[in-house]
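K.L.:
Just dropping this structure here.
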Protein chains: 2
Amino acid sequence: MEKTITVLPGDGIGPEVTGATVQVLQAIEKRYNHTFNFQYALIGGAAIDACENPLPEDTIKLCSESDAILLGAVGGPKWDQNPSHLRPEKGLLAIRKHFGLYANIRPVKAIPALLEASPLKKEIAESVDLVIVRELTGGLYFAEPRKKTKDYALDSLVYTREEIERIVDTAFQLARSRRGKLASVDKANVLDSSKLWREIVEEKKQGYPDVEVEHMLVDSTAMKLITKPDAFDVIVTENMFGDILSDEASVITGSLGMLPSASTRGDGFGLYEPAHGSAPDIAGQNKANPAATILSAAMMLREAFQMETEAAAIEEAVFNVLNDGNFTSDLQVEGKRVLSTTEWTAKVLEELDSEFVSDSIMFTYV
Amino acid sequence: MEKTITVLPGDGIGPEVTGATVQVLQAIEKRYNHTFNFQYALIGGAAIDACENPLPEDTIKLCSESDAILLGAVGGPKWDQNPSHLRPEKGLLAIRKHFGLYANIRPVKAIPALLEASPLKKEIAESVDLVIVRELTGGLYFAEPRKKTKDYALDSLVYTREEIERIVDTAFQLARSRRGKLASVDKANVLDSSKLWREIVEEKKQGYPDVEVEHMLVDSTAMKLITKPDAFDVIVTENMFGDILSDEASVITGSLGMLPSASTRGDGFGLYEPAHGSAPDIAGQNKANPAATILSAAMMLREAFQMETEAAAIEEAVFNVLNDGNFTSDLQVEGKRVLSTTEWTAKVLEELDSEFVSDSIMFTYV
Ligand SMILES: [Mg+2]
Ligand SMILES: [Mg+2]
């Protein structure tokens with residue numbers, strides 16, 4: 001297959017982690033006989049520095065001519081005092097909005113080699129394998145009217161049926177492709193928007209008889225993510241609840257530096273990026289952990305290009321490298337080897353090589 | 001001192017846990033030469049059964065003639081299908097509203113004897129000692145306009161300066177009486193109501209130079225409550241964020257059944273109640289854990305009656321009983337004695353007795 005991927009390195013450690021990821025994608029390209037055309041563009045602080053715009057027209061144009069977008073990270077202290085239209089994060093909000101990327105998908109899976117770094121007891125964290133599907137373009141963070149005076153402030157939480165239906169469909173389909181369990185999270189005992197949300201989930205579930213649905217309140221969910229996180233398969237929720245719960249969930253397995261994410265519009269096209277930030281304190285030092293970005297590229301292969309085998313090959317390589325005791329400095333697992341970004345990436349490439357060799361041998365012998 | 005306490009036993013295990021607590025308060029009354037006048041009234045399901053009103057006029061009258069209110073819990077499956085004005089929880093919302101109880105105070109403190117029950121690793125949970133101050137009467141759960149059609153829903157998040165100022169003052173004063181650290185939680189990077197909140201905290205902090213203030217985003221706070229909960233002293237936040245974060249915080253130390261709470265109007269008058277619910281499944285079986293209600297009574301003595309010594313005596317008695325290996329069945333700590341509600345309460349009363357005896361001996365010898 002031939003695919004065009006726009007790479008947006010962004011700020012901080014962004015260039016290093018996307019650089020490592022492109023190497024991994026090039027290895028996949030060769031071994032599975034695909035053609036990946038990489039094109040690079042600016043976003044965030046880097047774009048502000050170059051052309052006073054966190055999302056330049058040229059970046060939008062390249063992205064719209066591509067099959068998927070791989071993003072590093074945006075932001076840093078250099079731009080923290082900028083006026084709000086010149087903040088790096090504006091670039092992210094703008095690209096989500098421009099392409100209508102309404103579904104934020106955040107998998108959280110326990111990695112045995114990293115459980116020591118989990119704040120939870122091993123027996124609670126070890127079987128965690130969940131995905132949070134967060135509505136990304138509606139709700140309290142975007143709706144009008146909003147108002148602020150010296151003595152009064154108003155924000156509005158608005159959802160339309162269409163906005164809820166499409167994200168709920170995304171989640172049902174994902175649940176169906178996994179363990180068939182969906183937790184729909186709301187605050188239907190007090191919010192009208194949550195009542196509408198719950199009604200629509202009830203209607204939609206008729207179309208997915210193979211998926212078991214449970215309605216949960218957001219406050220109970222915040223508890224259960226700590227006490228019984230392994231009880232979850234897919235969680236679907238609105239924008240603000242998803243913001244809070246996905247960040248909460250990101251720390252339970254101790255592998256925050258390992259978490260991929262995708263923001264899509266339901267058809268696979270979208271932005272694939274690590275869940276972590278731009279870590280300006282270690283930028284340019286060859287210390288960054290590229291695993292989350294590499295795993296985001298695996299999600300891209302699976303969701304955007306339907307390359308399941310290739311995606312699984314990357315995931316297996318990453319987990320094997322970790323299980324062999326190879327870590328970057330962020331993981332702080334005692335008594336383990338600490339590698340640089342380039343050294344660690346080289347291990348993943350080696351691992352992919354040896355997977356490929358053993359696959360070929362199998363093929364020859366069969 | 002002479003004080004009048006209205007006791008609202010409520011539903012489920014409410015009568016058992018308030019019954020135990022009144023015994024403890026009577027012991028304090030005798031030993032410290034106070035007069036506590038206890039008066040009883042109905043709320044919740046019990047009130048609905050008796051007079052078709054979850055908060056009868058008579059209850060309001062008795063409460064308004066008292067110095068503090070001790071509540072058990074409300075709710076149960078019996079009333080779950082009732083129309084919304086005949087739900088037990090309405091009684092709680094109505095009493096908070098009637099008396100303007102805008103400040104919900106939820107302490108979470110690690111209890112060494114219970115750390116085995118915590119989902120967090122011991123080294124993370126063992127030094128937790130925080131209090132969440134949640135604004136209870138404003139924000140998204142109450143504001144107008146709200147609207148719901150088949151295809152659209154709106155909720156409004158409104159805060160006035162006055163509502164924010166009074167809760168922020170409550171939190172600053174509490175921080176000053178503790179370790180002098182305040183985390184103010186908002187989502188000021190996206191919400192106008194949070195921007196106003198943050199401005200007011202910045203203004204107010206001039207008046208509390210002895211308190212160190214940090215602004216945190218709600219999503220980062222949800223993470224840090226798991227990764228570094230012992231970094232918090234007092235947390236102050238708006239209603240919905242407080243709902244989510246206080247429930248999240250309630251499970252980190254493994255002592256959910258032990259957590260007291262208060263809902264006050266800033267002057268100490270208010271509702272003192274356990275953070276847990278009515279547990280209808282074990283109601284009437286002499287199995288309930290009265291500790292959270294007993295500790296709520298200690299909060300009442302401290303906050304409403306300025307009886308610091310008496311409050312500390314209760315807390316010490318409860319912790320000693322637990323440290324001696326006495327548990328109720330909810331705590332499920334392996335290899336420990338499991339006592340009934342009345343047996344466990346008797347241990348606390350004994351402990352108070354012996355504290356009192358040793359105090360008297362000290363007094364005699366000095
Ligand atoms: Mg977030
Ligand atoms: Mg709650």
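Each chain of the structure tokens is named A, B, ... in the order shown, its residues numbered from 1; ligands are numbered from 1 in display order.
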Return as a tab-separated table the residues of chain A lying at most 12 Å from ligand 2, together with the closest atom-to-atom pair for each and the distance in Å to one decimal, counting only C-alpha atoms and all ligand atoms, with rows in chain order and ascending residue number.

P.N.:
```
residue	atom	partner	partner_atom_place_in_ligand_line	distance
A:Lys187	CA	ligand 2	1 (Mg)	9.7
A:Asn189	CA	ligand 2	1 (Mg)	10.7
A:Val190	CA	ligand 2	1 (Mg)	11.1
A:Met216	CA	ligand 2	1 (Mg)	11.8
A:Leu217	CA	ligand 2	1 (Mg)	8.5
A:Val218	CA	ligand 2	1 (Mg)	8.2
A:Asp219	CA	ligand 2	1 (Mg)	5.0
A:Ser220	CA	ligand 2	1 (Mg)	7.0
A:Thr221	CA	ligand 2	1 (Mg)	10.0
A:Ala222	CA	ligand 2	1 (Mg)	9.5
A:Met223	CA	ligand 2	1 (Mg)	9.6
```

K.L.:
Show me, as CSV, the residues of chain B having an atom within 6 Å of chain A, each with the closest atom pair and its distance in Å, using only C-alpha atoms.

P.N.:
```
residue,atom,partner,partner_atom,distance
B:Pro119,CA,A:Leu120,CA,5.7
B:Leu120,CA,A:Leu120,CA,4.2
B:Lys121,CA,A:Lys121,CA,5.2
B:Tyr141,CA,A:Val190,CA,5.9
B:Asp151,CA,A:Arg161,CA,4.6
B:Tyr152,CA,A:Thr160,CA,4.4
B:Ala153,CA,A:Ser193,CA,4.8
B:Leu154,CA,A:Val158,CA,4.6
B:Asp155,CA,A:Leu157,CA,5.0
B:Ser156,CA,A:Ser156,CA,4.7
B:Leu157,CA,A:Asp155,CA,5.0
B:Val158,CA,A:Leu154,CA,4.6
B:Tyr159,CA,A:Ala153,CA,5.5
B:Thr160,CA,A:Tyr152,CA,4.4
B:Arg161,CA,A:Asp151,CA,4.6
B:Val190,CA,A:Tyr141,CA,5.9
B:Asp192,CA,A:Ala153,CA,6.0
B:Ser193,CA,A:Ala153,CA,4.8
B:Asp219,CA,A:Ile244,CA,4.4
B:Ala222,CA,A:Glu248,CA,5.1
B:Met223,CA,A:Glu248,CA,4.6
B:Thr227,CA,A:Pro119,CA,5.7
B:Ile244,CA,A:Asp219,CA,4.4
B:Asp247,CA,A:Asp219,CA,5.9
B:Glu248,CA,A:Met223,CA,4.6
```

K.L.:
For the residues selected in the previous step, produce a file with N, CA, C and O atoms as a compact mmCIF listing (two decimals), in the first residue's frame.

P.N.:
```
# COMPACT_ATOMS: atom_id res chain seq x y z
N PRO B 119 -5.94 0.59 47.61
CA PRO B 119 -5.50 0.13 46.28
C PRO B 119 -4.11 0.66 45.93
O PRO B 119 -3.46 0.13 45.02
N LEU B 120 -3.65 1.68 46.65
CA LEU B 120 -2.33 2.25 46.37
C LEU B 120 -1.26 1.52 47.14
O LEU B 120 -1.50 0.94 48.20
N LYS B 121 -0.03 1.62 46.63
CA LYS B 121 1.09 1.06 47.35
C LYS B 121 1.23 1.77 48.68
O LYS B 121 0.98 2.97 48.79
N TYR B 141 -24.49 21.99 38.56
CA TYR B 141 -25.57 21.13 39.04
C TYR B 141 -26.84 21.93 39.37
O TYR B 141 -27.90 21.33 39.56
N ASP B 151 -33.23 16.40 20.75
CA ASP B 151 -32.03 16.54 19.92
C ASP B 151 -30.99 17.51 20.45
O ASP B 151 -30.00 17.79 19.76
N TYR B 152 -31.20 18.01 21.64
CA TYR B 152 -30.33 19.10 22.11
C TYR B 152 -30.44 19.17 23.63
O TYR B 152 -31.51 18.97 24.19
N ALA B 153 -29.32 19.45 24.29
CA ALA B 153 -29.40 19.67 25.74
C ALA B 153 -28.39 20.73 26.16
O ALA B 153 -27.30 20.83 25.59
N LEU B 154 -28.79 21.51 27.14
CA LEU B 154 -27.96 22.59 27.66
C LEU B 154 -27.96 22.56 29.18
O LEU B 154 -29.01 22.45 29.81
N ASP B 155 -26.77 22.63 29.79
CA ASP B 155 -26.63 22.93 31.21
C ASP B 155 -25.76 24.18 31.31
O ASP B 155 -24.93 24.44 30.44
N SER B 156 -25.93 24.93 32.39
CA SER B 156 -25.16 26.16 32.55
C SER B 156 -24.29 26.09 33.80
O SER B 156 -24.72 25.58 34.83
N LEU B 157 -23.07 26.58 33.65
CA LEU B 157 -22.15 26.63 34.79
C LEU B 157 -21.99 28.10 35.17
O LEU B 157 -21.34 28.86 34.44
N VAL B 158 -22.61 28.50 36.26
CA VAL B 158 -22.58 29.90 36.67
C VAL B 158 -21.95 30.01 38.06
O VAL B 158 -22.24 29.19 38.94
N TYR B 159 -21.06 30.96 38.24
CA TYR B 159 -20.59 31.33 39.57
C TYR B 159 -20.58 32.84 39.72
O TYR B 159 -20.24 33.54 38.77
N THR B 160 -20.98 33.29 40.89
CA THR B 160 -20.86 34.71 41.21
C THR B 160 -19.64 34.91 42.09
O THR B 160 -19.16 33.98 42.75
N ARG B 161 -19.13 36.13 42.09
CA ARG B 161 -18.00 36.49 42.94
C ARG B 161 -18.26 36.11 44.40
O ARG B 161 -17.41 35.52 45.06
N VAL B 190 -9.44 26.81 29.97
CA VAL B 190 -10.58 26.78 29.03
C VAL B 190 -11.89 27.38 29.53
O VAL B 190 -12.72 27.78 28.72
N ASP B 192 -14.40 30.09 31.50
CA ASP B 192 -14.51 31.45 32.03
C ASP B 192 -14.78 31.43 33.54
O ASP B 192 -14.25 32.25 34.29
N SER B 193 -15.62 30.49 33.98
CA SER B 193 -15.90 30.41 35.42
C SER B 193 -14.61 30.11 36.19
O SER B 193 -14.41 30.61 37.30
N ASP B 219 -7.63 18.15 35.65
CA ASP B 219 -7.14 16.88 35.11
C ASP B 219 -5.80 16.48 35.73
O ASP B 219 -5.59 15.32 36.08
N ALA B 222 -6.47 15.13 39.20
CA ALA B 222 -6.96 13.75 39.20
C ALA B 222 -5.81 12.75 39.10
O ALA B 222 -5.88 11.65 39.65
N MET B 223 -4.73 13.15 38.43
CA MET B 223 -3.55 12.29 38.33
C MET B 223 -2.77 12.30 39.64
O MET B 223 -2.39 11.27 40.19
N THR B 227 -0.78 9.66 42.16
CA THR B 227 0.67 9.49 42.15
C THR B 227 1.37 10.09 43.36
O THR B 227 2.38 9.59 43.82
N ILE B 244 -16.23 15.00 41.77
CA ILE B 244 -15.38 13.96 41.18
C ILE B 244 -14.13 13.71 42.03
O ILE B 244 -13.81 12.59 42.39
N ASP B 247 -14.71 12.10 45.56
CA ASP B 247 -14.98 10.66 45.48
C ASP B 247 -13.70 9.90 45.12
O ASP B 247 -13.41 8.85 45.70
N GLU B 248 -12.95 10.44 44.19
CA GLU B 248 -11.67 9.81 43.84
C GLU B 248 -10.78 9.70 45.09
O GLU B 248 -10.23 8.64 45.40
```

K.L.:
Which neighbours of Glu351 in chain A fall inside 8 Å, counting only C-alpha atoms, when residues of the same chain fewer than 6 positions from it are skipped, and could you give them as a list in words?

P.N.:
Ala317, Asn320 and Val321 of chain A

K.L.:
By how many Å are CA of Glu214 in chain A and CA of Gly75 in chain B apart?

P.N.:
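Distance between the two atoms: 21.4 Å.
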
K.L.:
Quick one: DSSP strand (DSSP E or B) residues in range 7-92 of chain B, as a list in words?

P.N.:
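Taking range 7-92 of chain B and keeping strand (DSSP E or B) only, one gets Val7, Leu8, Pro9, Gly10, Thr35, Phe36, Asn37, Phe38, Gln39, Tyr40, Ala68, Ile69, Leu70, Leu71, Gly72 and Ala73 of chain B.
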
K.L.:
Generate the output file for the selected residues, N, CA and C atoms, as a PDB file, in the first residue's frame.

P.N.:
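To be explicit, this is the file written out as again-v1.pdb:
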```pdb
ATOM      1  N   VAL B   7     -30.532  15.113  65.531  1.00  0.00           N
ATOM      2  CA  VAL B   7     -30.072  13.864  64.922  1.00  0.00           C
ATOM      3  C   VAL B   7     -31.074  13.445  63.859  1.00  0.00           C
ATOM      4  N   LEU B   8     -30.570  13.245  62.635  1.00  0.00           N
ATOM      5  CA  LEU B   8     -31.407  12.768  61.529  1.00  0.00           C
ATOM      6  C   LEU B   8     -30.906  11.383  61.140  1.00  0.00           C
ATOM      7  N   PRO B   9     -31.466  10.328  61.721  1.00  0.00           N
ATOM      8  CA  PRO B   9     -30.945   8.978  61.447  1.00  0.00           C
ATOM      9  C   PRO B   9     -31.063   8.589  59.968  1.00  0.00           C
ATOM     10  N   GLY B  10     -32.172   8.972  59.317  1.00  0.00           N
ATOM     11  CA  GLY B  10     -32.326   8.662  57.893  1.00  0.00           C
ATOM     12  C   GLY B  10     -32.642   7.203  57.643  1.00  0.00           C
ATOM     13  N   THR B  35     -23.589  19.757  78.357  1.00  0.00           N
ATOM     14  CA  THR B  35     -24.950  19.249  78.208  1.00  0.00           C
ATOM     15  C   THR B  35     -25.295  19.236  76.728  1.00  0.00           C
ATOM     16  N   PHE B  36     -25.518  18.045  76.203  1.00  0.00           N
ATOM     17  CA  PHE B  36     -25.966  17.935  74.814  1.00  0.00           C
ATOM     18  C   PHE B  36     -27.444  17.553  74.816  1.00  0.00           C
ATOM     19  N   ASN B  37     -28.283  18.408  74.249  1.00  0.00           N
ATOM     20  CA  ASN B  37     -29.692  18.059  74.090  1.00  0.00           C
ATOM     21  C   ASN B  37     -29.896  17.442  72.717  1.00  0.00           C
ATOM     22  N   PHE B  38     -30.241  16.161  72.698  1.00  0.00           N
ATOM     23  CA  PHE B  38     -30.465  15.481  71.414  1.00  0.00           C
ATOM     24  C   PHE B  38     -31.930  15.546  71.037  1.00  0.00           C
ATOM     25  N   GLN B  39     -32.230  15.990  69.834  1.00  0.00           N
ATOM     26  CA  GLN B  39     -33.606  15.915  69.342  1.00  0.00           C
ATOM     27  C   GLN B  39     -33.604  15.214  67.999  1.00  0.00           C
ATOM     28  N   TYR B  40     -34.607  14.386  67.763  1.00  0.00           N
ATOM     29  CA  TYR B  40     -34.618  13.516  66.581  1.00  0.00           C
ATOM     30  C   TYR B  40     -35.654  13.959  65.565  1.00  0.00           C
ATOM     31  N   ALA B  68     -26.215  22.212  65.750  1.00  0.00           N
ATOM     32  CA  ALA B  68     -25.591  21.414  64.693  1.00  0.00           C
ATOM     33  C   ALA B  68     -26.503  20.233  64.387  1.00  0.00           C
ATOM     34  N   ILE B  69     -26.284  19.636  63.222  1.00  0.00           N
ATOM     35  CA  ILE B  69     -27.106  18.516  62.771  1.00  0.00           C
ATOM     36  C   ILE B  69     -26.209  17.305  62.523  1.00  0.00           C
ATOM     37  N   LEU B  70     -26.611  16.164  63.068  1.00  0.00           N
ATOM     38  CA  LEU B  70     -25.884  14.919  62.815  1.00  0.00           C
ATOM     39  C   LEU B  70     -26.758  14.028  61.934  1.00  0.00           C
ATOM     40  N   LEU B  71     -26.235  13.670  60.763  1.00  0.00           N
ATOM     41  CA  LEU B  71     -27.033  12.882  59.824  1.00  0.00           C
ATOM     42  C   LEU B  71     -26.433  11.491  59.639  1.00  0.00           C
ATOM     43  N   GLY B  72     -27.307  10.475  59.500  1.00  0.00           N
ATOM     44  CA  GLY B  72     -26.818   9.131  59.171  1.00  0.00           C
ATOM     45  C   GLY B  72     -26.603   9.006  57.671  1.00  0.00           C
ATOM     46  N   ALA B  73     -27.629   8.593  56.972  1.00  0.00           N
ATOM     47  CA  ALA B  73     -27.529   8.462  55.513  1.00  0.00           C
ATOM     48  C   ALA B  73     -28.954   8.374  54.982  1.00  0.00           C
TER      49      ALA B  73
END
```

K.L.:
What is the distance, in Å and to one decimal place, between CA of Leu93 in chain A and CA of Thr21 in chain A?

P.N.:
23.2 Å

K.L.:
Hey, can you check how far CA of Asp210 in chain B sits from CA of Glu126 in chain B?

P.N.:
26.6 Å

K.L.:
Would you list the contacts of Lys347 in chain A as a list in words, taking every protein, DNA or RNA residue within 12 Å and counting only C-alpha atoms, but skipping same-chain residues closer than 5 positions in sequence?

P.N.:
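Close residues of Lys347 in chain A: Ala20, Gln23, Val24, Pro290, Ala291, Ile314, Ala317, Val318, Phe319, Asn320, Val321, Leu322, Asn323, Asp324, Gly325, Asn326, Phe327, Thr328, Leu339, Ser340, Thr341, Thr342, Leu352, Asp353 and Ser354 of chain A.
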
K.L.:
If we count only C-alpha atoms and set the cut-off at 8 Å, which residues sit around Asp11 in chain A, ignoring sequence neighbours fewer than 2 positions away in its own chain? Please answer as a list in words.

P.N.:
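My list of contacting residues is Pro9, Ile13, Gly14, Pro15, Gly44, Gly45, Ala46, Gly72, Ala73, Val74, Gly75, Gly76, Ser278 and Pro280 of chain A.
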
K.L.:
Quick one: residues within 7 Å of Asn239 in chain A, only C-alpha atoms counted, chain neighbours fewer than 6 positions away excluded, as a list in words?

P.N.:
Arg134, Glu135, Leu136, Gly138 and Gly139 of chain A

K.L.:
Which residue out of A:Ala275, A:Ala288, A:Leu101, A:Val133 has the minimum interatomic distance to ligand 1 when only C-alpha atoms and all ligand atoms are used?

P.N.:
A:Ala275

K.L.:
Please provide as an MDAnalysis selection string all residues within 12 Å of Asp267 in chain B, with the sequence filter that same-chain residues fewer than 5 positions apart are discarded (counting only C-alpha atoms).

P.N.:
chainID B and resid 67:68 99:103 166:167 169:170 173 262 300 302:306

K.L.:
Would you write out those residues with all heavy atoms, as a compact mmCIF listing (two decimals), in the first residue's frame?

P.N.:
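Printed below is part.txt as written:
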```
# COMPACT_ATOMS: atom_id res chain seq x y z
N ASP B 67 -27.86 23.66 67.35
CA ASP B 67 -26.53 24.20 67.11
C ASP B 67 -25.77 23.43 66.03
O ASP B 67 -24.78 23.92 65.48
CB ASP B 67 -25.72 24.17 68.42
CG ASP B 67 -26.38 25.04 69.48
OD1 ASP B 67 -26.46 26.26 69.27
OD2 ASP B 67 -26.85 24.48 70.50
N ALA B 68 -26.21 22.21 65.75
CA ALA B 68 -25.59 21.41 64.69
C ALA B 68 -26.50 20.23 64.39
O ALA B 68 -27.39 19.88 65.19
CB ALA B 68 -24.22 20.91 65.12
N PHE B 99 -30.50 25.78 54.45
CA PHE B 99 -29.60 26.42 55.42
C PHE B 99 -28.37 27.06 54.75
O PHE B 99 -27.47 27.53 55.44
CB PHE B 99 -29.15 25.41 56.49
CG PHE B 99 -30.28 25.03 57.41
CD1 PHE B 99 -30.88 23.78 57.31
CD2 PHE B 99 -30.77 25.93 58.35
CE1 PHE B 99 -31.93 23.43 58.16
CE2 PHE B 99 -31.82 25.59 59.20
CZ PHE B 99 -32.41 24.34 59.09
N GLY B 100 -28.33 27.06 53.42
CA GLY B 100 -27.20 27.69 52.72
C GLY B 100 -25.87 27.03 53.04
O GLY B 100 -24.86 27.70 53.27
N LEU B 101 -25.85 25.72 53.08
CA LEU B 101 -24.63 24.98 53.44
C LEU B 101 -23.75 24.84 52.20
O LEU B 101 -23.84 23.88 51.46
CB LEU B 101 -24.99 23.61 54.02
CG LEU B 101 -26.00 23.65 55.17
CD1 LEU B 101 -26.38 22.23 55.60
CD2 LEU B 101 -25.46 24.45 56.35
N TYR B 102 -22.91 25.83 51.97
CA TYR B 102 -22.18 25.91 50.71
C TYR B 102 -20.81 25.25 50.75
O TYR B 102 -20.17 25.08 49.72
CB TYR B 102 -22.00 27.38 50.29
CG TYR B 102 -21.22 28.21 51.28
CD1 TYR B 102 -19.82 28.19 51.27
CD2 TYR B 102 -21.86 29.00 52.23
CE1 TYR B 102 -19.10 28.94 52.18
CE2 TYR B 102 -21.14 29.75 53.14
CZ TYR B 102 -19.76 29.71 53.11
OH TYR B 102 -19.05 30.43 54.01
N ALA B 103 -20.33 24.90 51.94
CA ALA B 103 -18.97 24.37 52.05
C ALA B 103 -18.97 22.91 52.48
O ALA B 103 -19.31 22.58 53.61
CB ALA B 103 -18.16 25.19 53.06
N ARG B 166 -16.66 33.27 49.34
CA ARG B 166 -16.91 32.65 50.65
C ARG B 166 -16.30 31.27 50.77
O ARG B 166 -15.75 30.91 51.82
CB ARG B 166 -18.41 32.66 50.98
CG ARG B 166 -19.24 31.84 50.05
CD ARG B 166 -20.73 32.02 50.31
NE ARG B 166 -21.47 31.10 49.45
CZ ARG B 166 -22.79 31.04 49.38
NH1 ARG B 166 -23.54 31.83 50.12
NH2 ARG B 166 -23.38 30.18 48.59
N ILE B 167 -16.32 30.49 49.69
CA ILE B 167 -15.73 29.15 49.79
C ILE B 167 -14.20 29.23 49.81
O ILE B 167 -13.52 28.46 50.51
CB ILE B 167 -16.23 28.21 48.64
CG1 ILE B 167 -15.79 26.77 48.87
CG2 ILE B 167 -15.73 28.66 47.27
CD1 ILE B 167 -16.62 26.05 49.90
N ASP B 169 -12.49 31.71 51.09
CA ASP B 169 -12.14 32.12 52.46
C ASP B 169 -12.17 30.93 53.42
O ASP B 169 -11.28 30.76 54.25
CB ASP B 169 -13.13 33.20 52.95
CG ASP B 169 -12.65 34.61 52.61
OD1 ASP B 169 -11.43 34.87 52.71
OD2 ASP B 169 -13.49 35.45 52.25
N THR B 170 -13.22 30.12 53.31
CA THR B 170 -13.30 28.92 54.15
C THR B 170 -12.04 28.07 54.00
O THR B 170 -11.46 27.59 54.98
CB THR B 170 -14.54 28.06 53.75
OG1 THR B 170 -15.70 28.87 53.87
CG2 THR B 170 -14.67 26.83 54.62
N GLN B 173 -8.85 29.70 55.50
CA GLN B 173 -8.84 29.60 56.96
C GLN B 173 -8.50 28.19 57.42
O GLN B 173 -7.74 27.99 58.37
CB GLN B 173 -10.19 30.06 57.53
CG GLN B 173 -10.29 31.58 57.57
CD GLN B 173 -11.72 32.09 57.51
OE1 GLN B 173 -12.66 31.35 57.81
NE2 GLN B 173 -11.89 33.33 57.09
N ALA B 262 -18.47 17.26 56.50
CA ALA B 262 -19.30 18.33 57.04
C ALA B 262 -19.76 19.19 55.89
O ALA B 262 -19.03 19.39 54.92
CB ALA B 262 -18.49 19.16 58.03
N MET B 300 -17.85 17.82 64.23
CA MET B 300 -18.88 18.72 64.74
C MET B 300 -18.40 19.41 66.03
O MET B 300 -18.53 20.63 66.18
CB MET B 300 -20.15 17.92 65.03
CG MET B 300 -21.26 18.71 65.71
SD MET B 300 -22.54 17.62 66.40
CE MET B 300 -23.33 17.06 64.92
N ARG B 302 -15.43 19.97 66.97
CA ARG B 302 -14.34 20.91 66.66
C ARG B 302 -14.85 22.16 65.94
O ARG B 302 -14.54 23.29 66.33
CB ARG B 302 -13.28 20.20 65.83
CG ARG B 302 -12.08 21.09 65.44
CD ARG B 302 -11.04 20.33 64.65
NE ARG B 302 -10.30 19.38 65.47
CZ ARG B 302 -10.25 18.08 65.28
NH1 ARG B 302 -10.89 17.52 64.27
NH2 ARG B 302 -9.55 17.31 66.08
N GLU B 303 -15.62 21.94 64.85
CA GLU B 303 -15.98 23.06 63.97
C GLU B 303 -17.17 23.86 64.49
O GLU B 303 -17.20 25.08 64.39
CB GLU B 303 -16.32 22.54 62.56
CG GLU B 303 -15.25 21.70 61.90
CD GLU B 303 -13.97 22.47 61.63
OE1 GLU B 303 -14.04 23.72 61.49
OE2 GLU B 303 -12.89 21.84 61.57
N ALA B 304 -18.17 23.15 65.03
CA ALA B 304 -19.39 23.87 65.43
C ALA B 304 -19.31 24.35 66.87
O ALA B 304 -19.87 25.39 67.21
CB ALA B 304 -20.61 22.96 65.25
N PHE B 305 -18.62 23.58 67.74
CA PHE B 305 -18.63 23.92 69.17
C PHE B 305 -17.25 24.34 69.70
O PHE B 305 -17.10 24.57 70.90
CB PHE B 305 -19.13 22.72 70.00
CG PHE B 305 -20.44 22.13 69.56
CD1 PHE B 305 -20.77 20.81 69.91
CD2 PHE B 305 -21.36 22.87 68.82
CE1 PHE B 305 -21.98 20.25 69.50
CE2 PHE B 305 -22.58 22.31 68.42
CZ PHE B 305 -22.88 20.99 68.75
N GLN B 306 -16.25 24.39 68.83
CA GLN B 306 -14.87 24.72 69.25
C GLN B 306 -14.39 23.85 70.41
O GLN B 306 -13.68 24.30 71.30
CB GLN B 306 -14.74 26.21 69.64
CG GLN B 306 -14.71 27.16 68.45
CD GLN B 306 -16.10 27.31 67.84
OE1 GLN B 306 -17.06 27.58 68.55
NE2 GLN B 306 -16.21 27.11 66.54
```

K.L.:
Which residues in range 134-259 of chain A does DSSP call helix (DSSP H, G or I)? List them as a VMD selection string.

P.N.:
chain A and resid 139 to 141 161 to 177 192 to 207 218 to 227 229 to 231 239 to 250 256 to 258
